[in-house]
Structures are given as C-alpha cells and as structure tokens.
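> query03.cif (mmCIF, C-alpha atoms (C1' of nucleotides); chains and numbers go by the auth columns) pasted underneath:
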data_final
loop_
_atom_site.group_PDB
_atom_site.id
_atom_site.type_symbol
_atom_site.label_atom_id
_atom_site.label_comp_id
_atom_site.label_asym_id
_atom_site.label_seq_id
_atom_site.Cartn_x
_atom_site.Cartn_y
_atom_site.Cartn_z
_atom_site.B_iso_or_equiv
_atom_site.auth_seq_id
_atom_site.auth_asym_id
ATOM 1 C CA MET A 1 -46.389 -30.658 -11.126 0.00 811 A
ATOM 2 C CA ARG A 2 -46.371 -26.904 -10.764 0.00 812 A
ATOM 3 C CA HIS A 3 -43.372 -25.808 -8.765 0.00 813 A
ATOM 4 C CA ALA A 4 -43.786 -23.318 -5.972 0.00 814 A
ATOM 5 C CA ARG A 5 -42.107 -20.011 -6.613 0.00 815 A
ATOM 6 C CA LEU A 6 -38.561 -19.535 -5.383 0.00 816 A
ATOM 7 C CA PRO A 7 -37.608 -15.997 -4.429 0.00 817 A
ATOM 8 C CA ALA A 8 -34.350 -14.642 -5.789 0.00 818 A
ATOM 9 C CA SER A 9 -31.681 -13.915 -3.229 0.00 819 A
ATOM 10 C CA GLU A 10 -32.463 -10.185 -3.136 0.00 820 A
ATOM 11 C CA GLU A 11 -36.148 -10.920 -2.717 0.00 821 A
ATOM 12 C CA ILE A 12 -35.770 -12.947 0.447 0.00 822 A
ATOM 13 C CA ALA A 13 -37.645 -11.112 3.197 0.00 823 A
ATOM 14 C CA LEU A 14 -36.475 -11.242 6.764 0.00 824 A
ATOM 15 C CA GLU A 15 -40.023 -11.495 8.119 0.00 825 A
ATOM 16 C CA ASP A 16 -40.665 -14.531 5.940 0.00 826 A
ATOM 17 C CA VAL A 17 -37.435 -16.163 7.002 0.00 827 A
ATOM 18 C CA PHE A 18 -38.274 -15.592 10.648 0.00 828 A
ATOM 19 C CA HIS A 19 -41.765 -16.909 10.196 0.00 829 A
ATOM 20 C CA ALA A 20 -40.450 -20.011 8.472 0.00 830 A
ATOM 21 C CA LEU A 21 -37.978 -20.631 11.278 0.00 831 A
ATOM 22 C CA SER A 22 -40.458 -20.034 14.083 0.00 832 A
ATOM 23 C CA ASP A 23 -41.851 -23.543 13.720 0.00 833 A
ATOM 24 C CA PRO A 24 -39.911 -26.264 15.575 0.00 834 A
ATOM 25 C CA PHE A 25 -40.245 -28.806 12.797 0.00 835 A
ATOM 26 C CA ARG A 26 -39.053 -26.381 10.136 0.00 836 A
ATOM 27 C CA LEU A 27 -36.197 -25.148 12.297 0.00 837 A
ATOM 28 C CA GLU A 28 -35.081 -28.725 12.764 0.00 838 A
ATOM 29 C CA VAL A 29 -35.289 -29.377 9.035 0.00 839 A
ATOM 30 C CA VAL A 30 -33.050 -26.409 8.356 0.00 840 A
ATOM 31 C CA ARG A 31 -30.568 -27.566 10.947 0.00 841 A
ATOM 32 C CA ARG A 32 -30.428 -31.029 9.495 0.00 842 A
ATOM 33 C CA LEU A 33 -30.020 -29.763 5.965 0.00 843 A
ATOM 34 C CA ALA A 34 -27.180 -27.613 7.232 0.00 844 A
ATOM 35 C CA VAL A 35 -25.443 -30.527 8.887 0.00 845 A
ATOM 36 C CA GLU A 36 -26.308 -33.420 6.610 0.00 846 A
ATOM 37 C CA GLY A 37 -26.648 -31.664 3.290 0.00 847 A
ATOM 38 C CA GLU A 38 -29.323 -32.220 0.688 0.00 848 A
ATOM 39 C CA GLN A 39 -32.118 -34.543 1.799 0.00 849 A
ATOM 40 C CA SER A 40 -35.390 -35.890 0.514 0.00 850 A
ATOM 41 C CA CYS A 41 -38.601 -34.845 2.269 0.00 851 A
ATOM 42 C CA GLN A 42 -39.074 -38.393 3.415 0.00 852 A
ATOM 43 C CA ALA A 43 -35.692 -38.502 5.106 0.00 853 A
ATOM 44 C CA LEU A 44 -36.730 -35.653 7.376 0.00 854 A
ATOM 45 C CA GLU A 45 -40.391 -36.370 7.997 0.00 855 A
ATOM 46 C CA GLY A 46 -41.112 -37.373 11.540 0.00 856 A
ATOM 47 C CA ASP A 47 -44.364 -39.231 11.995 0.00 857 A
ATOM 48 C CA ARG A 48 -46.243 -36.610 10.078 0.00 858 A
ATOM 49 C CA PRO A 49 -48.445 -37.403 7.125 0.00 859 A
ATOM 50 C CA LYS A 50 -46.880 -36.373 3.861 0.00 860 A
ATOM 51 C CA SER A 51 -49.275 -33.543 3.219 0.00 861 A
ATOM 52 C CA SER A 52 -48.093 -31.897 6.406 0.00 862 A
ATOM 53 C CA VAL A 53 -44.435 -32.434 5.563 0.00 863 A
ATOM 54 C CA SER A 54 -45.024 -31.070 2.095 0.00 864 A
ATOM 55 C CA HIS A 55 -46.651 -27.988 3.567 0.00 865 A
ATOM 56 C CA HIS A 56 -43.649 -27.222 5.769 0.00 866 A
ATOM 57 C CA PHE A 57 -41.197 -27.696 2.929 0.00 867 A
ATOM 58 C CA ARG A 58 -43.246 -25.321 0.873 0.00 868 A
ATOM 59 C CA VAL A 59 -43.088 -22.661 3.582 0.00 869 A
ATOM 60 C CA LEU A 60 -39.310 -23.036 3.692 0.00 870 A
ATOM 61 C CA ARG A 61 -39.102 -22.884 -0.082 0.00 871 A
ATOM 62 C CA GLU A 62 -41.271 -19.802 -0.414 0.00 872 A
ATOM 63 C CA ALA A 63 -39.363 -18.037 2.331 0.00 873 A
ATOM 64 C CA GLY A 64 -36.217 -18.608 0.269 0.00 874 A
ATOM 65 C CA LEU A 65 -34.500 -20.949 2.697 0.00 875 A
ATOM 66 C CA ILE A 66 -34.361 -24.076 0.591 0.00 876 A
ATOM 67 C CA ARG A 67 -34.226 -25.129 -3.030 0.00 877 A
ATOM 68 C CA THR A 68 -35.690 -28.344 -4.345 0.00 878 A
ATOM 69 C CA ARG A 69 -34.677 -30.460 -7.295 0.00 879 A
ATOM 70 C CA ASN A 70 -35.935 -33.716 -8.647 0.00 880 A
ATOM 71 C CA LYS A 71 -33.867 -36.796 -8.167 0.00 881 A
ATOM 72 C CA GLY A 72 -35.442 -39.911 -9.491 0.00 882 A
ATOM 73 C CA VAL A 73 -38.725 -40.455 -7.823 0.00 883 A
ATOM 74 C CA SER A 74 -37.979 -38.155 -4.949 0.00 884 A
ATOM 75 C CA ARG A 75 -37.133 -34.502 -4.491 0.00 885 A
ATOM 76 C CA MET A 76 -33.986 -33.342 -2.838 0.00 886 A
ATOM 77 C CA ASN A 77 -34.035 -30.268 -0.649 0.00 887 A
ATOM 78 C CA ALA A 78 -30.965 -28.164 -0.101 0.00 888 A
ATOM 79 C CA LEU A 79 -30.340 -25.199 2.122 0.00 889 A
ATOM 80 C CA ARG A 80 -29.674 -22.039 0.111 0.00 890 A
ATOM 81 C CA ARG A 81 -26.596 -21.302 2.162 0.00 891 A
ATOM 82 C CA ASP A 82 -24.882 -18.809 -0.081 0.00 892 A
ATOM 83 C CA ASP A 83 -28.043 -16.900 -0.948 0.00 893 A
ATOM 84 C CA ILE A 84 -29.006 -16.567 2.694 0.00 894 A
ATOM 85 C CA GLU A 85 -25.521 -15.665 3.769 0.00 895 A
ATOM 86 C CA GLN A 86 -25.321 -13.019 1.091 0.00 896 A
ATOM 87 C CA ARG A 87 -28.658 -11.504 1.995 0.00 897 A
ATOM 88 C CA PHE A 88 -28.435 -11.808 5.782 0.00 898 A
ATOM 89 C CA PRO A 89 -24.845 -12.410 6.793 0.00 899 A
ATOM 90 C CA GLY A 90 -24.526 -14.329 10.027 0.00 900 A
ATOM 91 C CA LEU A 91 -28.116 -15.470 10.207 0.00 901 A
ATOM 92 C CA LEU A 92 -27.465 -19.119 9.486 0.00 902 A
ATOM 93 C CA ALA A 93 -24.720 -19.216 12.059 0.00 903 A
ATOM 94 C CA CYS A 94 -27.321 -18.394 14.714 0.00 904 A
ATOM 95 C CA VAL A 95 -29.524 -21.232 13.611 0.00 905 A
ATOM 96 C CA VAL A 96 -27.309 -24.185 12.932 0.00 906 A
ATOM 97 C CA PRO A 97 -25.187 -25.971 15.485 0.00 907 A
ATOM 98 C CA LYS A 98 -21.632 -24.773 15.186 0.00 908 A
ATOM 99 C CA SER A 99 -20.375 -26.789 12.261 0.00 909 A
ATOM 100 C CA GLY A 100 -16.767 -27.826 12.636 0.00 910 A
ATOM 101 C CA GLY A 101 -15.199 -24.639 13.803 0.00 911 A
ATOM 102 C CA MET B 1 -50.453 -4.566 37.426 0.00 281 B
ATOM 103 C CA ARG B 2 -49.111 -8.048 37.039 0.00 282 B
ATOM 104 C CA HIS B 3 -45.997 -8.032 34.963 0.00 283 B
ATOM 105 C CA ALA B 4 -45.590 -10.521 32.172 0.00 284 B
ATOM 106 C CA ARG B 5 -42.855 -13.030 32.760 0.00 285 B
ATOM 107 C CA LEU B 6 -39.410 -12.251 31.476 0.00 286 B
ATOM 108 C CA PRO B 7 -37.323 -15.239 30.482 0.00 287 B
ATOM 109 C CA ALA B 8 -33.770 -15.383 31.771 0.00 288 B
ATOM 110 C CA SER B 9 -31.085 -15.172 29.145 0.00 289 B
ATOM 111 C CA GLU B 10 -30.557 -18.950 29.069 0.00 290 B
ATOM 112 C CA GLU B 11 -34.281 -19.500 28.715 0.00 291 B
ATOM 113 C CA ILE B 12 -34.679 -17.484 25.558 0.00 292 B
ATOM 114 C CA ALA B 13 -35.887 -19.860 22.853 0.00 293 B
ATOM 115 C CA LEU B 14 -34.901 -19.356 19.255 0.00 294 B
ATOM 116 C CA GLU B 15 -38.365 -20.317 17.978 0.00 295 B
ATOM 117 C CA ASP B 16 -39.944 -17.673 20.186 0.00 296 B
ATOM 118 C CA VAL B 17 -37.478 -15.044 19.057 0.00 297 B
ATOM 119 C CA PHE B 18 -38.158 -15.885 15.436 0.00 298 B
ATOM 120 C CA HIS B 19 -41.880 -15.829 15.964 0.00 299 B
ATOM 121 C CA ALA B 20 -41.653 -12.463 17.671 0.00 300 B
ATOM 122 C CA LEU B 21 -39.613 -11.050 14.823 0.00 301 B
ATOM 123 C CA SER B 22 -41.811 -12.459 12.073 0.00 302 B
ATOM 124 C CA ASP B 23 -44.308 -9.637 12.488 0.00 303 B
ATOM 125 C CA PRO B 24 -43.449 -6.436 10.598 0.00 304 B
ATOM 126 C CA PHE B 25 -44.565 -4.145 13.391 0.00 305 B
ATOM 127 C CA ARG B 26 -42.559 -6.000 16.008 0.00 306 B
ATOM 128 C CA LEU B 27 -39.510 -6.193 13.784 0.00 307 B
ATOM 129 C CA GLU B 28 -39.692 -2.446 13.298 0.00 308 B
ATOM 130 C CA VAL B 29 -40.032 -1.891 17.038 0.00 309 B
ATOM 131 C CA VAL B 30 -36.893 -3.925 17.655 0.00 310 B
ATOM 132 C CA ARG B 31 -35.017 -1.991 15.014 0.00 311 B
ATOM 133 C CA ARG B 32 -36.039 1.315 16.487 0.00 312 B
ATOM 134 C CA LEU B 33 -35.139 0.269 19.991 0.00 313 B
ATOM 135 C CA ALA B 34 -31.763 -0.771 18.655 0.00 314 B
ATOM 136 C CA VAL B 35 -31.171 2.561 16.986 0.00 315 B
ATOM 137 C CA GLU B 36 -32.928 4.987 19.283 0.00 316 B
ATOM 138 C CA GLY B 37 -32.559 3.210 22.607 0.00 317 B
ATOM 139 C CA GLU B 38 -35.207 2.833 25.273 0.00 318 B
ATOM 140 C CA GLN B 39 -38.663 4.060 24.247 0.00 319 B
ATOM 141 C CA SER B 40 -42.166 4.210 25.637 0.00 320 B
ATOM 142 C CA CYS B 41 -44.855 2.132 23.952 0.00 321 B
ATOM 143 C CA GLN B 42 -46.549 5.293 22.864 0.00 322 B
ATOM 144 C CA ALA B 43 -43.459 6.551 21.072 0.00 323 B
ATOM 145 C CA LEU B 44 -43.513 3.515 18.806 0.00 324 B
ATOM 146 C CA GLU B 45 -47.206 2.934 18.302 0.00 325 B
ATOM 147 C CA GLY B 46 -48.324 3.582 14.763 0.00 326 B
ATOM 148 C CA ASP B 47 -52.016 4.244 14.416 0.00 327 B
ATOM 149 C CA ARG B 48 -52.824 1.134 16.365 0.00 328 B
ATOM 150 C CA PRO B 49 -55.087 1.126 19.371 0.00 329 B
ATOM 151 C CA LYS B 50 -53.170 0.707 22.578 0.00 330 B
ATOM 152 C CA SER B 51 -54.444 -2.786 23.264 0.00 331 B
ATOM 153 C CA SER B 52 -52.858 -3.911 20.021 0.00 332 B
ATOM 154 C CA VAL B 53 -49.589 -2.162 20.781 0.00 333 B
ATOM 155 C CA SER B 54 -49.584 -3.638 24.247 0.00 334 B
ATOM 156 C CA HIS B 55 -50.091 -7.097 22.777 0.00 335 B
ATOM 157 C CA HIS B 56 -47.072 -6.771 20.504 0.00 336 B
ATOM 158 C CA PHE B 57 -44.854 -5.498 23.276 0.00 337 B
ATOM 159 C CA ARG B 58 -45.920 -8.432 25.349 0.00 338 B
ATOM 160 C CA VAL B 59 -44.927 -10.880 22.621 0.00 339 B
ATOM 161 C CA LEU B 60 -41.513 -9.222 22.430 0.00 340 B
ATOM 162 C CA ARG B 61 -41.176 -9.300 26.204 0.00 341 B
ATOM 163 C CA GLU B 62 -42.158 -12.945 26.560 0.00 342 B
ATOM 164 C CA ALA B 63 -39.823 -13.935 23.769 0.00 343 B
ATOM 165 C CA GLY B 64 -37.026 -12.321 25.765 0.00 344 B
ATOM 166 C CA LEU B 65 -36.256 -9.539 23.317 0.00 345 B
ATOM 167 C CA ILE B 66 -37.145 -6.542 25.431 0.00 346 B
ATOM 168 C CA ARG B 67 -37.266 -5.503 29.042 0.00 347 B
ATOM 169 C CA THR B 68 -39.725 -2.980 30.420 0.00 348 B
ATOM 170 C CA ARG B 69 -39.407 -0.639 33.370 0.00 349 B
ATOM 171 C CA ASN B 70 -41.676 1.988 34.799 0.00 350 B
ATOM 172 C CA LYS B 71 -40.806 5.596 34.283 0.00 351 B
ATOM 173 C CA GLY B 72 -43.337 7.968 35.695 0.00 352 B
ATOM 174 C CA VAL B 73 -46.646 7.338 34.098 0.00 353 B
ATOM 175 C CA SER B 74 -45.236 5.426 31.190 0.00 354 B
ATOM 176 C CA ARG B 75 -43.187 2.288 30.665 0.00 355 B
ATOM 177 C CA MET B 76 -39.882 2.298 28.909 0.00 356 B
ATOM 178 C CA ASN B 77 -38.918 -0.610 26.695 0.00 357 B
ATOM 179 C CA ALA B 78 -35.321 -1.537 26.073 0.00 358 B
ATOM 180 C CA LEU B 79 -33.790 -4.128 23.814 0.00 359 B
ATOM 181 C CA ARG B 80 -32.043 -6.861 25.807 0.00 360 B
ATOM 182 C CA ARG B 81 -28.943 -6.492 23.693 0.00 361 B
ATOM 183 C CA ASP B 82 -26.441 -8.257 25.877 0.00 362 B
ATOM 184 C CA ASP B 83 -28.727 -11.126 26.793 0.00 363 B
ATOM 185 C CA ILE B 84 -29.611 -11.767 23.170 0.00 364 B
ATOM 186 C CA GLU B 85 -26.039 -11.441 22.024 0.00 365 B
ATOM 187 C CA GLN B 86 -24.911 -13.851 24.700 0.00 366 B
ATOM 188 C CA ARG B 87 -27.562 -16.422 23.853 0.00 367 B
ATOM 189 C CA PHE B 88 -27.527 -16.064 20.064 0.00 368 B
ATOM 190 C CA PRO B 89 -24.372 -14.275 18.980 0.00 369 B
ATOM 191 C CA GLY B 90 -24.793 -12.380 15.748 0.00 370 B
ATOM 192 C CA LEU B 91 -28.566 -12.528 15.634 0.00 371 B
ATOM 193 C CA LEU B 92 -29.169 -8.874 16.366 0.00 372 B
ATOM 194 C CA ALA B 93 -26.689 -7.850 13.719 0.00 373 B
ATOM 195 C CA CYS B 94 -28.917 -9.529 11.119 0.00 374 B
ATOM 196 C CA VAL B 95 -31.915 -7.605 12.278 0.00 375 B
ATOM 197 C CA VAL B 96 -30.832 -4.079 12.947 0.00 376 B
ATOM 198 C CA PRO B 97 -29.480 -1.655 10.387 0.00 377 B
ATOM 199 C CA LYS B 98 -25.716 -1.621 10.637 0.00 378 B
ATOM 200 C CA SER B 99 -25.110 0.664 13.568 0.00 379 B
ATOM 201 C CA GLY B 100 -21.939 2.649 13.156 0.00 380 B
ATOM 202 C CA GLY B 101 -19.371 0.005 12.691 0.00 381 B
ATOM 203 C "C1'" DT C 1 -48.339 -50.077 -19.631 0.00 330 C
ATOM 204 C "C1'" DC C 2 -48.902 -51.251 -14.794 0.00 331 C
ATOM 205 C "C1'" DG C 3 -47.580 -50.782 -10.082 0.00 332 C
ATOM 206 C "C1'" DA C 4 -45.086 -48.692 -6.581 0.00 333 C
ATOM 207 C "C1'" DT C 5 -42.888 -44.733 -4.498 0.00 334 C
ATOM 208 C "C1'" DA C 6 -42.425 -39.753 -3.387 0.00 335 C
ATOM 209 C "C1'" DG C 7 -44.521 -35.513 -3.272 0.00 336 C
ATOM 210 C "C1'" DT C 8 -48.114 -32.047 -4.321 0.00 337 C
ATOM 211 C "C1'" DT C 9 -52.651 -30.043 -4.173 0.00 338 C
ATOM 212 C "C1'" DC C 10 -57.263 -29.543 -2.467 0.00 339 C
ATOM 213 C "C1'" DG C 11 -60.719 -28.958 1.008 0.00 340 C
ATOM 214 C "C1'" DA C 12 -62.390 -29.078 5.466 0.00 341 C
ATOM 215 C "C1'" DT C 13 -61.499 -28.574 10.328 0.00 342 C
ATOM 216 C "C1'" DA C 14 -58.809 -27.214 14.287 0.00 343 C
ATOM 217 C "C1'" DT C 15 -55.622 -24.254 16.457 0.00 344 C
ATOM 218 C "C1'" DT C 16 -53.156 -20.011 17.000 0.00 345 C
ATOM 219 C "C1'" DT C 17 -52.668 -15.104 16.330 0.00 346 C
ATOM 220 C "C1'" DT C 18 -54.242 -10.650 15.628 0.00 347 C
ATOM 221 C "C1'" DT C 19 -57.362 -6.915 16.298 0.00 348 C
ATOM 222 C "C1'" DC C 20 -59.940 -3.729 18.890 0.00 349 C
ATOM 223 C "C1'" DG C 21 -63.189 -1.807 22.345 0.00 350 C
ATOM 224 C "C1'" DA C 22 -64.252 -1.546 27.136 0.00 351 C
ATOM 225 C "C1'" DA C 23 -63.019 -1.807 31.774 0.00 352 C
ATOM 226 C "C1'" DC C 24 -59.248 -1.687 34.909 0.00 353 C
ATOM 227 C "C1'" DT C 25 -54.506 -0.413 37.176 0.00 354 C
ATOM 228 C "C1'" DT C 26 -50.747 2.601 38.151 0.00 355 C
ATOM 229 C "C1'" DT C 27 -48.440 6.910 38.510 0.00 356 C
ATOM 230 C "C1'" DG C 28 -48.111 11.949 38.626 0.00 357 C
ATOM 231 C "C1'" DG C 29 -50.018 16.462 39.459 0.00 358 C
ATOM 232 C "C1'" DC C 30 -53.200 19.540 41.490 0.00 359 C
ATOM 233 C "C1'" DG D 1 -58.956 12.506 46.766 0.00 878 D
ATOM 234 C "C1'" DC D 2 -59.742 13.329 41.972 0.00 879 D
ATOM 235 C "C1'" DC D 3 -58.510 13.586 37.241 0.00 880 D
ATOM 236 C "C1'" DA D 4 -55.665 12.624 33.257 0.00 881 D
ATOM 237 C "C1'" DA D 5 -52.174 9.867 30.888 0.00 882 D
ATOM 238 C "C1'" DA D 6 -50.093 5.361 29.682 0.00 883 D
ATOM 239 C "C1'" DG D 7 -50.490 0.664 29.633 0.00 884 D
ATOM 240 C "C1'" DT D 8 -52.594 -3.855 30.745 0.00 885 D
ATOM 241 C "C1'" DT D 9 -56.184 -7.287 30.722 0.00 886 D
ATOM 242 C "C1'" DC D 10 -60.372 -9.359 29.134 0.00 887 D
ATOM 243 C "C1'" DG D 11 -63.475 -11.103 25.717 0.00 888 D
ATOM 244 C "C1'" DA D 12 -65.191 -11.631 21.364 0.00 889 D
ATOM 245 C "C1'" DA D 13 -64.647 -11.657 16.445 0.00 890 D
ATOM 246 C "C1'" DA D 14 -61.594 -11.922 12.357 0.00 891 D
ATOM 247 C "C1'" DA D 15 -57.597 -13.636 10.027 0.00 892 D
ATOM 248 C "C1'" DA D 16 -53.793 -16.582 9.396 0.00 893 D
ATOM 249 C "C1'" DT D 17 -51.680 -21.272 10.056 0.00 894 D
ATOM 250 C "C1'" DA D 18 -51.472 -26.033 10.793 0.00 895 D
ATOM 251 C "C1'" DT D 19 -53.284 -30.687 10.259 0.00 896 D
ATOM 252 C "C1'" DC D 20 -54.671 -34.551 7.773 0.00 897 D
ATOM 253 C "C1'" DG D 21 -57.103 -37.566 4.433 0.00 898 D
ATOM 254 C "C1'" DA D 22 -58.133 -38.144 -0.331 0.00 899 D
ATOM 255 C "C1'" DA D 23 -57.226 -37.475 -4.993 0.00 900 D
ATOM 256 C "C1'" DC D 24 -53.735 -36.289 -8.224 0.00 901 D
ATOM 257 C "C1'" DT D 25 -48.893 -36.072 -10.651 0.00 902 D
ATOM 258 C "C1'" DA D 26 -44.340 -37.531 -11.884 0.00 903 D
ATOM 259 C "C1'" DT D 27 -40.702 -40.845 -12.149 0.00 904 D
ATOM 260 C "C1'" DC D 28 -38.688 -45.351 -11.998 0.00 905 D
ATOM 261 C "C1'" DG D 29 -38.555 -50.389 -12.936 0.00 906 D
ATOM 262 C "C1'" DA D 30 -40.436 -54.548 -14.417 0.00 907 D
#
So that I can check it, write out the structure of this file as structure tokens.


Amino acid sequence: MRHARLPASEEIALEDVFHALSDPFRLEVVRRLAVEGEQSCQALEGDRPKSSVSHHFRVLREAGLIRTRNKGVSRMNALRRDDIEQRFPGLLACVVPKSGG
Amino acid sequence: MRHARLPASEEIALEDVFHALSDPFRLEVVRRLAVEGEQSCQALEGDRPKSSVSHHFRVLREAGLIRTRNKGVSRMNALRRDDIEQRFPGLLACVVPKSGG
DNA sequence: TCGATAGTTCGATATTTTTCGAACTTTGGC
DNA sequence: GCCAAAGTTCGAAAAATATCGAACTATCGA
C-alpha cells in the first residue's frame, strides 16, 4: 500500500487548502474531525462508495489537512490542527463550529 | 448590462468562498484588492484576455467576496471586507498579507 | 492459510471549470 | 451620432474533478 504524500507544514499551500475545503463533503469531514477527533474513513462516509470516499480523503491528505495512520484493519484520519494553525493562523477557526469557547 | 447577483452577507457560503479562493489568479486579485483598495478589472488583469478576467471577477462576485460599481467607462472592484469579516471572522486575515498591524 | 473487513488504485465516464475569440453593452468625449 | 475604451455574455473546445465499479492490498481472527 503506497501512501500518498503528506506535505510538511511549511509546504501546505493555501490554494490547495481552499480547494480541498470547497467541496461540501470534505468540508463536513474536516468539521467532524475537528469536533469528534480521529475517525476512520468508514465512520464518515455517507452513502458514497468507498472509492469516492477514499478519493476525498486523499485530497484532504495531499492538501495537508489530515494525517492518516493505520489502526488494525482500518485507517484513522486526524486533522493536522497544529500544523494548519502554525501555517495559517485562524483558518481552522473559520471552518469548524465554535468548539467550547 | 445585466449585473451578476451579489449575495447578501448572510448568504455568503463558505464552500463558495473557498472555491473562489482556490484559484491562484483570484487569490492574488483578492490580496491586491485588500492591499491596494478598489481597482478596475484592467488594473489587475495579467496577460489574460478580458473574457477570462471577467469570468474570474464574476466568480469572486458571486461568491460574495467583491462588489463592483461603475466608474466612468470602467468598473471598480472592492473587497467586501466588512461583510466577509462579519460572516466569517478571521478569514480575510488568513488570506491577505498582514496589513500594518 | 482462509475469509472478512477497510481502504486504495485503476480506468472509464460524467460533470464542472477554465479558456478564449467574437459579438454585444455601456459610458465618455468629440 | 459616432468612435474608442472597458467589461460582459455567448459558445465551443480544453482541462480538471468527481463518480463509481472492479480488482488489488493489508490487517485481523479463526
């Protein structure tokens, strides 16, 4: 299983982040990861076939928004909060519902 | 000349804003409007033909990012700073170079 | 090792965007 | 009214994305 490339924090490009977040499904995924923490792809798929879900997670990963690790038979996706905050301070706050504040 | 619709502040959709800003040319336009203030389309066109420039300004307008008014023979485009800030506080700060502060 | 589960990759098709020329509209100046 | 300048709109062609099934990979448990 070849893993898709993960940009370093400094390499995250604003255009790519915006493109990734311009899709309603992906925006919702990011919001849920922000609120609920690390999740498997399956936990966030709607009715979509898995190839479509996988595609959207890949876009998020390549944009630098999420990181994926193996956990048993599934893969857990986590928002790269600190990396994003460091690179584009305040961006996440615009995206996620105000989280306990 | 039928004017493209301009969403009210409350109608501005985050997906649309992100889509509008995911294009390098449009992102640059927004940055320049932020720094230099109101500009004609011509002042910001690169080498592009005017139909292409017009298209990009329309995307920005329909996303709710800019407002356009007639000024003599040209049209001046202004960033909808307050509307955007009201709807998505902090978003513009992620996009524009830190402006004296 | 076999089967099941969770994702990924590939390939083809569909949809959306972008690009650009040509024709058109609006405004200003003569 | 006529011409030029600045944009807009239309239409067609090119490019980028999204969708989805099928085949493939990796991990767990029996």

> Counting all atoms listed in the file, what are the residues of chain C within 9 Å of chain A, and for each of them which pair of atoms is the nearest and at what distance in Å, to one decimal? Sort the table by chain and rising number, as CSV.


residue,atom,partner,partner_atom,distance
C:DT334,C1',A:Val883,CA,6.8
C:DA335,C1',A:Ser884,CA,5.0
C:DG336,C1',A:Ser864,CA,7.0
C:DT337,C1',A:Met811,CA,7.2
C:DT338,C1',A:Ser861,CA,8.8

> Just the number, please: distance in Å from CA of Gln319 in chain B to CA of Arg360 in chain B, one decimal.

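So the answer is 12.9 Å.
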
> Report as CSV the residues of chain B within 7 Å of chain A, each with its shortest atom pair and distance in Å (one decimal), using only C-alpha atoms, ordered by chain and increasing residue number.


residue,atom,partner,partner_atom,distance
B:Glu295,CA,A:Ser832,CA,4.4
B:Asp296,CA,A:Ser832,CA,6.6
B:Phe298,CA,A:Phe828,CA,4.8
B:His299,CA,A:Ser832,CA,4.8
B:Leu301,CA,A:Phe828,CA,6.3
B:Ser302,CA,A:Glu825,CA,4.4
B:Asp303,CA,A:Glu825,CA,6.4
B:Pro304,CA,A:Glu825,CA,6.6
B:Phe368,CA,A:Cys904,CA,5.8
B:Pro369,CA,A:Cys904,CA,6.6
B:Gly370,CA,A:Gly900,CA,6.0
B:Leu371,CA,A:Cys904,CA,6.1
B:Cys374,CA,A:Phe898,CA,5.8

> Tell me, as a list in words, which residues lie within 10 Å of DT894 in chain D, counting only C-alpha atoms (C1' of nucleotides); anything in the same chain fewer than 4 positions away does not count.

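Those residues are DT344, DT345 and DT346 of chain C.
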
> Write the selection just made, keeping C-alpha atoms (C1' of nucleotides), as a short mmCIF file (atom, residue, chain, number, x, y, z; two decimals), keeping the file's coordinate frame?


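File written: result-v3.cif
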data_model
loop_
_atom_site.label_atom_id
_atom_site.label_comp_id
_atom_site.auth_asym_id
_atom_site.auth_seq_id
_atom_site.Cartn_x
_atom_site.Cartn_y
_atom_site.Cartn_z
"C1'" DT C 344 -55.62 -24.25 16.46
"C1'" DT C 345 -53.16 -20.01 17.00
"C1'" DT C 346 -52.67 -15.10 16.33
#

> List every residue of chain D that has an atom at most 8 Å from any atom of chain A, giving for each one its closest atom pair and the distance in Å to one decimal, counting all atoms listed in the file, sorted by chain and then by ascending residue number, as JSON lines.


{"residue": "D:DT896", "atom": "C1'", "partner": "A:Ser862", "partner_atom": "CA", "distance": 6.6}
{"residue": "D:DC897", "atom": "C1'", "partner": "A:Pro859", "partner_atom": "CA", "distance": 6.9}
{"residue": "D:DT902", "atom": "C1'", "partner": "A:Met811", "partner_atom": "CA", "distance": 6.0}
{"residue": "D:DA903", "atom": "C1'", "partner": "A:Met811", "partner_atom": "CA", "distance": 7.2}
{"residue": "D:DT904", "atom": "C1'", "partner": "A:Val883", "partner_atom": "CA", "distance": 4.8}
{"residue": "D:DC905", "atom": "C1'", "partner": "A:Val883", "partner_atom": "CA", "distance": 6.4}

> Once the PyMOL selection byres ((chain D and resi 887) around 12) is applied to the coordinates I shared, what remains selected? I want it as a ChimeraX atom specification.

/B:331 /C:349-353 /D:885-886,888-889

> Since I can't run it myself right now, could you work out what the PyMOL selection byres ((chain B and resi 286) around 9) selects here and report it as a list in words?

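Going through the file, the PyMOL selection byres ((chain B and resi 286) around 9) ends up selecting His283, Ala284, Arg285, Pro287, Ala288, Arg341, Glu342, Ala343, Gly344, Ile346 and Arg347 of chain B.
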
> Please expand the PyMOL selection byres ((chain D and resi 892) around 10) into the concrete residues it hits in this file, giving the result as a ChimeraX atom specification.

/C:346-348 /D:890-891,893-894

> Find the distance between CA of Leu324 in chain B and CA of Val310 in chain B and write it in Å to one decimal.

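CA of Val310 in chain B lies 10.0 Å from CA of Leu324 in chain B.
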
> To one decimal in Å, tell me the separation between CA of Gly317 in chain B and CA of Leu359 in chain B.

7.5 Å

> In terms of the shortest atom-to-atom distance over only C-alpha atoms (C1' of nucleotides), which of D:DC880, D:DA895, D:DA907, D:DC901 is closest to DG357 in chain C?

D:DC880

> Which one of A:Leu843, A:Lys908, A:Phe835, A:Ala853 sits closest to Val869 in chain A if you count all atoms listed in the file?

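So, comparing all the options, the nearest one is A:Phe835.
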